[in-house]
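J.: Here it is, the structure, as structure tokens.
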Amino acid sequence: MPISNAKRILLKLSGEVLMGEQEFGIDPAFVSELAGEVKQARDAGWEICLVIGGGNIFRGMAGAAQGMDRAQADYMGMLATVMNALAMQSALEQLGVPTRVQSAVQMDQVCEPVIRRRAERHLEKGRIVIFAAGVGAPYFTTDSGAALRAAEMRCDALFKGTSVDGVYDSDPKKNADAKRYDSVTYDKVLADNLKVMDASAVALCRDNNIPIVVFSIREKGNLARVLAGQGAQTIVRN
Ligand code: UDP
């Protein structure tokens, strides 16, 4: 089922999809493939805000688990998302797609700060805006950053491209009988603690009525299919 009349989307990509087949970091060839899919969507007329995670480089929780101060580790995680944003910007620009990176942690020499009106103008001009550093505060994730920017930029839907093709009633990697939902409500996701996005991100989408479309970005051509309402996906909505 396509998200009817959607024109502007927020596309959230987990950091781990930038690894391609690697175990860590950024695989430039795979990022270039991803950029090709994003370009195709933009050429098809979608206005695109992008948020990229940082889990391929650093997660605050992992640092904290090894004894680091959590907030400090989260700052490192936020910096990782900026590196990913710059890698994606470079890949998109190599394909001739104008982009701007806006970071929630200011780094004037590297990219713009988050300024909503400026981001609007970029979208009007056909640029892709990549929002980096999540919400700019520790104890959050880029899922919350994605939900926040989707609300702020009045996106019609939040597309979460990840390694699994939707939301399951149990972990499909552990349970062969796990069933994928075609559609599920925000409240069920929260009540059953289903693995979609963290609870604050889901609640923000619910409160602002932004549908979340969960799909696998690992399969080639899947972004175009999912934007057309085809292929495996789960829609989280009221
Ligand atoms: N992070 C943060 N605040 C934010 C967004 C991200 O502190 O608003 C940190 C946090 O440590 C997180 C890391 O950045 O673990 C990388 O982001 P995330 O885990 O969301 O990446 P993903 O799982 O999507 O790759």
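Numbering starts fresh at 1 for the residues of each chain in the structure tokens, the chains themselves are lettered A, B, ... in the order given, and ligands are numbered from 1 as they appear.
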Write out as a compact mmCIF listing (two decimals) with N, CA and C atoms, in the first residue's frame the set of residues from region 58-188 of chain A that DSSP, computed on the backbone, places in strand (DSSP E).

T.:
# COMPACT_ATOMS: atom_id res chain seq x y z
N THR A 99 23.62 18.39 -2.66
CA THR A 99 23.21 18.04 -1.29
C THR A 99 23.76 19.08 -0.32
N ARG A 100 23.16 19.14 0.83
CA ARG A 100 23.72 19.90 1.94
C ARG A 100 23.67 19.03 3.18
N VAL A 101 24.71 19.11 4.01
CA VAL A 101 24.68 18.43 5.30
C VAL A 101 24.39 19.49 6.34
N GLN A 102 23.43 19.22 7.23
CA GLN A 102 23.16 20.09 8.37
C GLN A 102 23.37 19.27 9.64
N SER A 103 24.24 19.75 10.49
CA SER A 103 24.55 18.99 11.71
C SER A 103 23.92 19.65 12.94
N GLU A 112 26.74 22.82 7.42
CA GLU A 112 25.85 23.85 7.97
C GLU A 112 25.29 23.40 9.33
N PRO A 113 24.87 24.36 10.14
CA PRO A 113 24.07 23.97 11.32
C PRO A 113 22.65 23.65 10.86
N ILE A 128 19.19 17.49 -1.80
CA ILE A 128 18.89 16.55 -0.73
C ILE A 128 19.55 17.10 0.53
N VAL A 129 18.80 17.10 1.63
CA VAL A 129 19.37 17.59 2.89
C VAL A 129 19.67 16.39 3.79
N ILE A 130 20.93 16.28 4.19
CA ILE A 130 21.33 15.20 5.09
C ILE A 130 21.48 15.79 6.49
N PHE A 131 20.65 15.32 7.41
CA PHE A 131 20.71 15.81 8.78
C PHE A 131 21.62 14.90 9.60
N ALA A 132 22.66 15.49 10.17
CA ALA A 132 23.64 14.69 10.91
C ALA A 132 23.56 14.99 12.41
N ALA A 157 6.11 10.97 5.38
CA ALA A 157 6.36 9.64 5.95
C ALA A 157 7.83 9.51 6.28
N LEU A 158 8.10 8.61 7.20
CA LEU A 158 9.50 8.30 7.56
C LEU A 158 9.78 6.89 7.05
N PHE A 159 10.71 6.77 6.12
CA PHE A 159 11.11 5.47 5.59
C PHE A 159 12.36 5.02 6.31
N LYS A 160 12.26 3.90 6.98
CA LYS A 160 13.44 3.40 7.71
C LYS A 160 14.05 2.23 6.95
N GLY A 161 15.16 2.49 6.29
CA GLY A 161 15.86 1.46 5.53
C GLY A 161 16.87 0.77 6.43
N THR A 162 16.70 -0.54 6.57
CA THR A 162 17.54 -1.25 7.51
C THR A 162 17.91 -2.62 6.94
N SER A 183 1.10 -4.18 8.37
CA SER A 183 0.75 -2.91 8.98
C SER A 183 0.56 -3.14 10.48
N VAL A 184 0.97 -2.20 11.27
CA VAL A 184 0.86 -2.37 12.73
C VAL A 184 0.71 -0.96 13.33
N THR A 185 -0.02 -0.86 14.44
CA THR A 185 -0.23 0.48 15.01
C THR A 185 0.96 0.89 15.88

J.: Which residues come within 9 Å of region 14-19 of chain A, counting only C-alpha atoms, excluding same-chain residues fewer than 2 positions away, as number ranges by chain?

T.: A: 12, 21-28, 30-31, 34, 51-57, 80-81, 84, 88, 142-143, 160-163, 217-218

J.: How about saving the chosen residues, C-alpha atoms kept, as a compact mmCIF listing (two decimals), in the first residue's frame?

T.:
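Here's the written file selection-v1.txt:
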# COMPACT_ATOMS: atom_id res chain seq x y z
CA LYS A 12 16.58 7.03 7.70
CA GLU A 21 29.72 -6.70 3.44
CA GLN A 22 32.36 -5.32 5.79
CA GLU A 23 32.22 -5.75 9.56
CA PHE A 24 32.94 -2.13 10.37
CA GLY A 25 33.15 1.31 8.84
CA ILE A 26 32.20 2.56 5.42
CA ASP A 27 32.27 0.61 2.15
CA PRO A 28 32.53 3.36 -0.50
CA PHE A 30 28.15 0.19 -1.33
CA VAL A 31 27.56 3.82 -0.30
CA LEU A 34 22.87 3.48 -2.03
CA VAL A 51 19.28 10.85 8.32
CA ILE A 52 22.08 8.33 8.66
CA GLY A 53 22.97 6.48 11.86
CA GLY A 54 26.46 5.88 13.17
CA GLY A 55 26.36 2.28 14.40
CA ASN A 56 28.87 1.16 11.75
CA ILE A 57 31.48 3.30 13.51
CA ALA A 80 30.29 9.08 13.69
CA THR A 81 26.97 10.11 12.13
CA ASN A 84 28.61 8.93 7.49
CA MET A 88 26.91 9.97 1.61
CA THR A 142 19.40 8.85 15.21
CA ASP A 143 15.94 7.24 15.13
CA LYS A 160 13.44 3.40 7.71
CA GLY A 161 15.86 1.46 5.53
CA THR A 162 17.54 -1.25 7.51
CA SER A 163 18.80 -4.85 7.27
CA ILE A 217 17.64 -1.28 1.98
CA ARG A 218 20.08 -4.14 1.38

J.: For ligand 1, which residue among A:Asp69, A:Glu37, A:Asp171, A:Asp74 is the nearest when counting only C-alpha atoms and all ligand atoms?

T.: A:Asp74

J.: Using only C-alpha atoms, determine which residues lie at most 12 Å from Lys188 (chain A), disregarding the query and same-chain residues fewer than 2 positions distant; provide the list as a ChimeraX atom specification.

T.: /A:167-169,181,183-186,190-196,199,202-203,206,236-238

J.: I need the chosen residues saved as an mmCIF file, in the first residue's frame, with N, CA and C atoms.

T.:
data_model
loop_
_atom_site.group_PDB
_atom_site.id
_atom_site.type_symbol
_atom_site.label_atom_id
_atom_site.label_comp_id
_atom_site.auth_asym_id
_atom_site.auth_seq_id
_atom_site.Cartn_x
_atom_site.Cartn_y
_atom_site.Cartn_z
ATOM 1 N N VAL A 167 8.715 -5.282 10.213
ATOM 2 C CA VAL A 167 8.571 -5.504 11.651
ATOM 3 C C VAL A 167 7.958 -6.885 11.860
ATOM 4 N N TYR A 168 8.577 -7.670 12.716
ATOM 5 C CA TYR A 168 8.135 -9.049 12.976
ATOM 6 C C TYR A 168 7.576 -9.167 14.395
ATOM 7 N N ASP A 169 6.767 -10.222 14.598
ATOM 8 C CA ASP A 169 6.214 -10.415 15.947
ATOM 9 C C ASP A 169 7.248 -10.996 16.900
ATOM 10 N N TYR A 181 4.556 -8.199 9.996
ATOM 11 C CA TYR A 181 3.313 -7.427 9.888
ATOM 12 C C TYR A 181 3.352 -6.613 8.587
ATOM 13 N N SER A 183 1.096 -4.180 8.373
ATOM 14 C CA SER A 183 0.750 -2.911 8.981
ATOM 15 C C SER A 183 0.565 -3.138 10.479
ATOM 16 N N VAL A 184 0.970 -2.201 11.272
ATOM 17 C CA VAL A 184 0.857 -2.365 12.727
ATOM 18 C C VAL A 184 0.706 -0.964 13.330
ATOM 19 N N THR A 185 -0.016 -0.863 14.440
ATOM 20 C CA THR A 185 -0.227 0.481 15.011
ATOM 21 C C THR A 185 0.964 0.895 15.881
ATOM 22 N N TYR A 186 1.091 2.204 16.041
ATOM 23 C CA TYR A 186 2.148 2.721 16.915
ATOM 24 C C TYR A 186 1.985 2.125 18.315
ATOM 25 N N LEU A 190 4.623 -0.020 20.625
ATOM 26 C CA LEU A 190 5.102 0.422 21.940
ATOM 27 C C LEU A 190 4.739 -0.594 23.021
ATOM 28 N N ALA A 191 3.485 -1.092 22.979
ATOM 29 C CA ALA A 191 3.035 -2.011 24.028
ATOM 30 C C ALA A 191 3.818 -3.324 23.978
ATOM 31 N N ASP A 192 4.074 -3.833 22.762
ATOM 32 C CA ASP A 192 4.758 -5.134 22.633
ATOM 33 C C ASP A 192 6.273 -4.972 22.515
ATOM 34 N N ASN A 193 6.723 -3.727 22.592
ATOM 35 C CA ASN A 193 8.165 -3.455 22.497
ATOM 36 C C ASN A 193 8.768 -4.075 21.235
ATOM 37 N N LEU A 194 8.063 -3.902 20.096
ATOM 38 C CA LEU A 194 8.535 -4.472 18.835
ATOM 39 C C LEU A 194 9.732 -3.671 18.346
ATOM 40 N N LYS A 195 10.657 -4.393 17.723
ATOM 41 C CA LYS A 195 11.909 -3.736 17.325
ATOM 42 C C LYS A 195 11.711 -2.957 16.017
ATOM 43 N N VAL A 196 11.393 -1.695 16.145
ATOM 44 C CA VAL A 196 11.229 -0.834 14.968
ATOM 45 C C VAL A 196 12.213 0.313 15.085
ATOM 46 N N ALA A 199 11.537 3.882 21.508
ATOM 47 C CA ALA A 199 10.179 4.291 21.883
ATOM 48 C C ALA A 199 9.949 5.792 21.705
ATOM 49 N N VAL A 202 9.171 6.433 18.067
ATOM 50 C CA VAL A 202 7.840 5.949 17.672
ATOM 51 C C VAL A 202 6.765 6.897 18.227
ATOM 52 N N ALA A 203 6.940 7.312 19.494
ATOM 53 C CA ALA A 203 5.940 8.191 20.112
ATOM 54 C C ALA A 203 5.874 9.535 19.386
ATOM 55 N N ARG A 206 3.963 8.986 16.272
ATOM 56 C CA ARG A 206 2.533 8.812 16.588
ATOM 57 C C ARG A 206 1.884 10.171 16.872
ATOM 58 N N VAL A 236 3.911 1.372 9.944
ATOM 59 C CA VAL A 236 3.452 1.642 11.307
ATOM 60 C C VAL A 236 2.630 2.918 11.253
ATOM 61 N N ARG A 237 1.373 2.822 11.657
ATOM 62 C CA ARG A 237 0.479 3.990 11.634
ATOM 63 C C ARG A 237 -0.649 3.800 12.636
ATOM 64 N N ASN A 238 -1.540 4.745 12.740
ATOM 65 C CA ASN A 238 -2.655 4.624 13.687
ATOM 66 C C ASN A 238 -3.661 3.568 13.268
#

J.: So that I can see what lies close to Gln233 (chain A), please list as a list of chain:residue names the residues with an atom at most 7 Å from it, counting only C-alpha atoms and leaving out residues fewer than 2 positions away in the same chain.

T.: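 Once the nearby chain positions are removed, what remains is A:Asp165, A:Gly166, A:Asp182, A:Val213, A:Val214, A:Phe215, A:Gly231, A:Ile235.
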
J.: Please save N, CA and C atoms of the selected residues as a JSON list (two decimals), in the first residue's frame.

T.:
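Listed below is the output, selection.json:
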[["chain", "number", "residue", "atom", "x", "y", "z"],
["A", 165, "ASP", "N", 13.39, -6.75, 6.53],
["A", 165, "ASP", "CA", 12.40, -6.25, 5.57],
["A", 165, "ASP", "C", 11.08, -5.85, 6.22],
["A", 166, "GLY", "N", 11.11, -5.53, 7.50],
["A", 166, "GLY", "CA", 9.88, -5.07, 8.14],
["A", 166, "GLY", "C", 9.90, -5.36, 9.62],
["A", 182, "ASP", "N", 2.21, -6.55, 7.88],
["A", 182, "ASP", "CA", 2.11, -5.60, 6.74],
["A", 182, "ASP", "C", 1.88, -4.21, 7.30],
["A", 213, "VAL", "N", 7.63, 3.60, 7.56],
["A", 213, "VAL", "CA", 7.69, 2.45, 6.65],
["A", 213, "VAL", "C", 9.05, 1.77, 6.86],
["A", 214, "VAL", "N", 9.00, 0.53, 7.35],
["A", 214, "VAL", "CA", 10.25, -0.20, 7.63],
["A", 214, "VAL", "C", 10.50, -1.17, 6.48],
["A", 215, "PHE", "N", 11.68, -1.13, 5.90],
["A", 215, "PHE", "CA", 11.98, -1.99, 4.75],
["A", 215, "PHE", "C", 13.48, -2.29, 4.71],
["A", 231, "GLY", "N", 6.62, -4.55, -2.72],
["A", 231, "GLY", "CA", 7.71, -5.23, -2.02],
["A", 231, "GLY", "C", 7.44, -5.35, -0.53],
["A", 235, "ILE", "N", 4.18, -1.03, 7.51],
["A", 235, "ILE", "CA", 3.82, 0.36, 7.77],
["A", 235, "ILE", "C", 3.31, 0.48, 9.20]]

J.: For ligand 1, which residue out of A:Arg117, A:Arg225, A:Arg70, A:Arg180 is the nearest one, using only C-alpha atoms and all ligand atoms?

T.: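 Looking only at the distances to ligand 1, the closest residue turns out to be A:Arg70.
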
J.: Quick one: pick out all helix (DSSP H, G or I) residues within region 91-165 of chain A from a backbone DSSP run and write them as number ranges by chain.

T.: A: 91-94, 116-124, 142-152

J.: I'd like the interatomic distance between CA of Leu11 (chain A) and CA of Phe58 (chain A), to a tenth of an Å.

T.: 20.5 Å

J.: Give the answer as one residue: which of A:Val97, A:Leu92, A:Ala133, A:Ile9 has the shortest atom-to-atom distance to ligand 1, using only C-alpha atoms and all ligand atoms?

T.: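 Checking each of A:Val97, A:Leu92, A:Ala133, A:Ile9 against ligand 1, counting only C-alpha atoms and all ligand atoms, the winner is A:Ala133.
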
J.: When you count only C-alpha atoms, which of these residues is closest to Asn209 (chain A): A:Ala71, A:Leu223, A:Cys155, A:Ala62?

T.: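 Using only C-alpha atoms, Asn209 (chain A) sits closest to A:Cys155.
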
J.: When you count only C-alpha atoms, which of these residues is closest to Arg116 (chain A): A:Ala41, A:Ala150, A:Ala176, A:Leu86?

T.: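 Distance minimum relative to Arg116 (chain A) lands on A:Ala150.
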
J.: I'd like to know which of A:Ala146, A:Asn208, A:Ser90, A:Ala73 is closest to Ala104 (chain A), using only C-alpha atoms.

T.: A:Ala146

J.: Identify, on the basis of only C-alpha atoms, every residue whose closest approach to Val105 (chain A) does not exceed 10 Å; exclude the query and any residue fewer than 5 positions from it along the same chain; express the result as a list in words.

T.: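 The residues that qualify are Tyr75, Met78, Leu79, Val82, Cys111, Glu112, Pro113, Val114, Ala132, Ala133, Gly134, Val135, Gly136 and Ala137 of chain A.
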
J.: Write the residues of the selection above to a file with N, CA and C atoms, as an mmCIF file, in the first residue's frame.

T.:
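Result file follows (out-v4.cif):
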data_model
loop_
_atom_site.group_PDB
_atom_site.id
_atom_site.type_symbol
_atom_site.label_atom_id
_atom_site.label_comp_id
_atom_site.auth_asym_id
_atom_site.auth_seq_id
_atom_site.Cartn_x
_atom_site.Cartn_y
_atom_site.Cartn_z
ATOM 1 N N TYR A 75 28.637 11.496 22.438
ATOM 2 C CA TYR A 75 29.207 12.544 21.576
ATOM 3 C C TYR A 75 30.008 11.891 20.452
ATOM 4 N N MET A 78 27.685 10.636 17.899
ATOM 5 C CA MET A 78 27.166 11.724 17.052
ATOM 6 C C MET A 78 28.179 12.112 15.989
ATOM 7 N N LEU A 79 29.453 12.145 16.381
ATOM 8 C CA LEU A 79 30.494 12.481 15.396
ATOM 9 C C LEU A 79 30.548 11.417 14.296
ATOM 10 N N VAL A 82 28.183 12.154 11.628
ATOM 11 C CA VAL A 82 28.629 13.228 10.723
ATOM 12 C C VAL A 82 29.554 12.633 9.654
ATOM 13 N N CYS A 111 30.176 21.661 7.733
ATOM 14 C CA CYS A 111 28.809 21.611 7.220
ATOM 15 C C CYS A 111 27.985 22.711 7.889
ATOM 16 N N GLU A 112 26.738 22.817 7.415
ATOM 17 C CA GLU A 112 25.854 23.851 7.972
ATOM 18 C C GLU A 112 25.294 23.397 9.331
ATOM 19 N N PRO A 113 24.868 24.356 10.140
ATOM 20 C CA PRO A 113 24.071 23.966 11.316
ATOM 21 C C PRO A 113 22.646 23.648 10.861
ATOM 22 N N VAL A 114 21.867 23.018 11.731
ATOM 23 C CA VAL A 114 20.467 22.750 11.368
ATOM 24 C C VAL A 114 19.694 24.062 11.418
ATOM 25 N N ALA A 132 22.664 15.486 10.166
ATOM 26 C CA ALA A 132 23.641 14.688 10.913
ATOM 27 C C ALA A 132 23.556 14.994 12.406
ATOM 28 N N ALA A 133 24.178 14.136 13.200
ATOM 29 C CA ALA A 133 24.310 14.288 14.660
ATOM 30 C C ALA A 133 22.985 14.152 15.412
ATOM 31 N N GLY A 134 22.038 13.444 14.817
ATOM 32 C CA GLY A 134 20.781 13.138 15.500
ATOM 33 C C GLY A 134 20.076 14.379 16.007
ATOM 34 N N VAL A 135 19.675 14.358 17.268
ATOM 35 C CA VAL A 135 19.011 15.539 17.848
ATOM 36 C C VAL A 135 20.046 16.477 18.470
ATOM 37 N N GLY A 136 21.300 16.061 18.461
ATOM 38 C CA GLY A 136 22.370 16.920 19.004
ATOM 39 C C GLY A 136 22.536 16.795 20.504
ATOM 40 N N ALA A 137 21.976 15.747 21.090
ATOM 41 C CA ALA A 137 22.091 15.566 22.534
ATOM 42 C C ALA A 137 22.358 14.095 22.833
#

J.: If we count only C-alpha atoms, what is near Glu47 (chain A) at a cut-off of 7 Å, once residues fewer than 4 positions away on the same chain are taken out, given as a PyMOL selection string?

T.: chain A and resi 7-9+42+123

J.: For CA of Gln109 (chain A) and CA of Gln89 (chain A), determine how far apart the two atoms are, in Å to one decimal place.

T.: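 CA of Gln89 (chain A) lies 15.2 Å from CA of Gln109 (chain A).
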
J.: Expressed in Å to a single decimal, how great is the separation between CA of Met153 (chain A) and CA of Glu93 (chain A)?

T.: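 The value is 22.4 Å.
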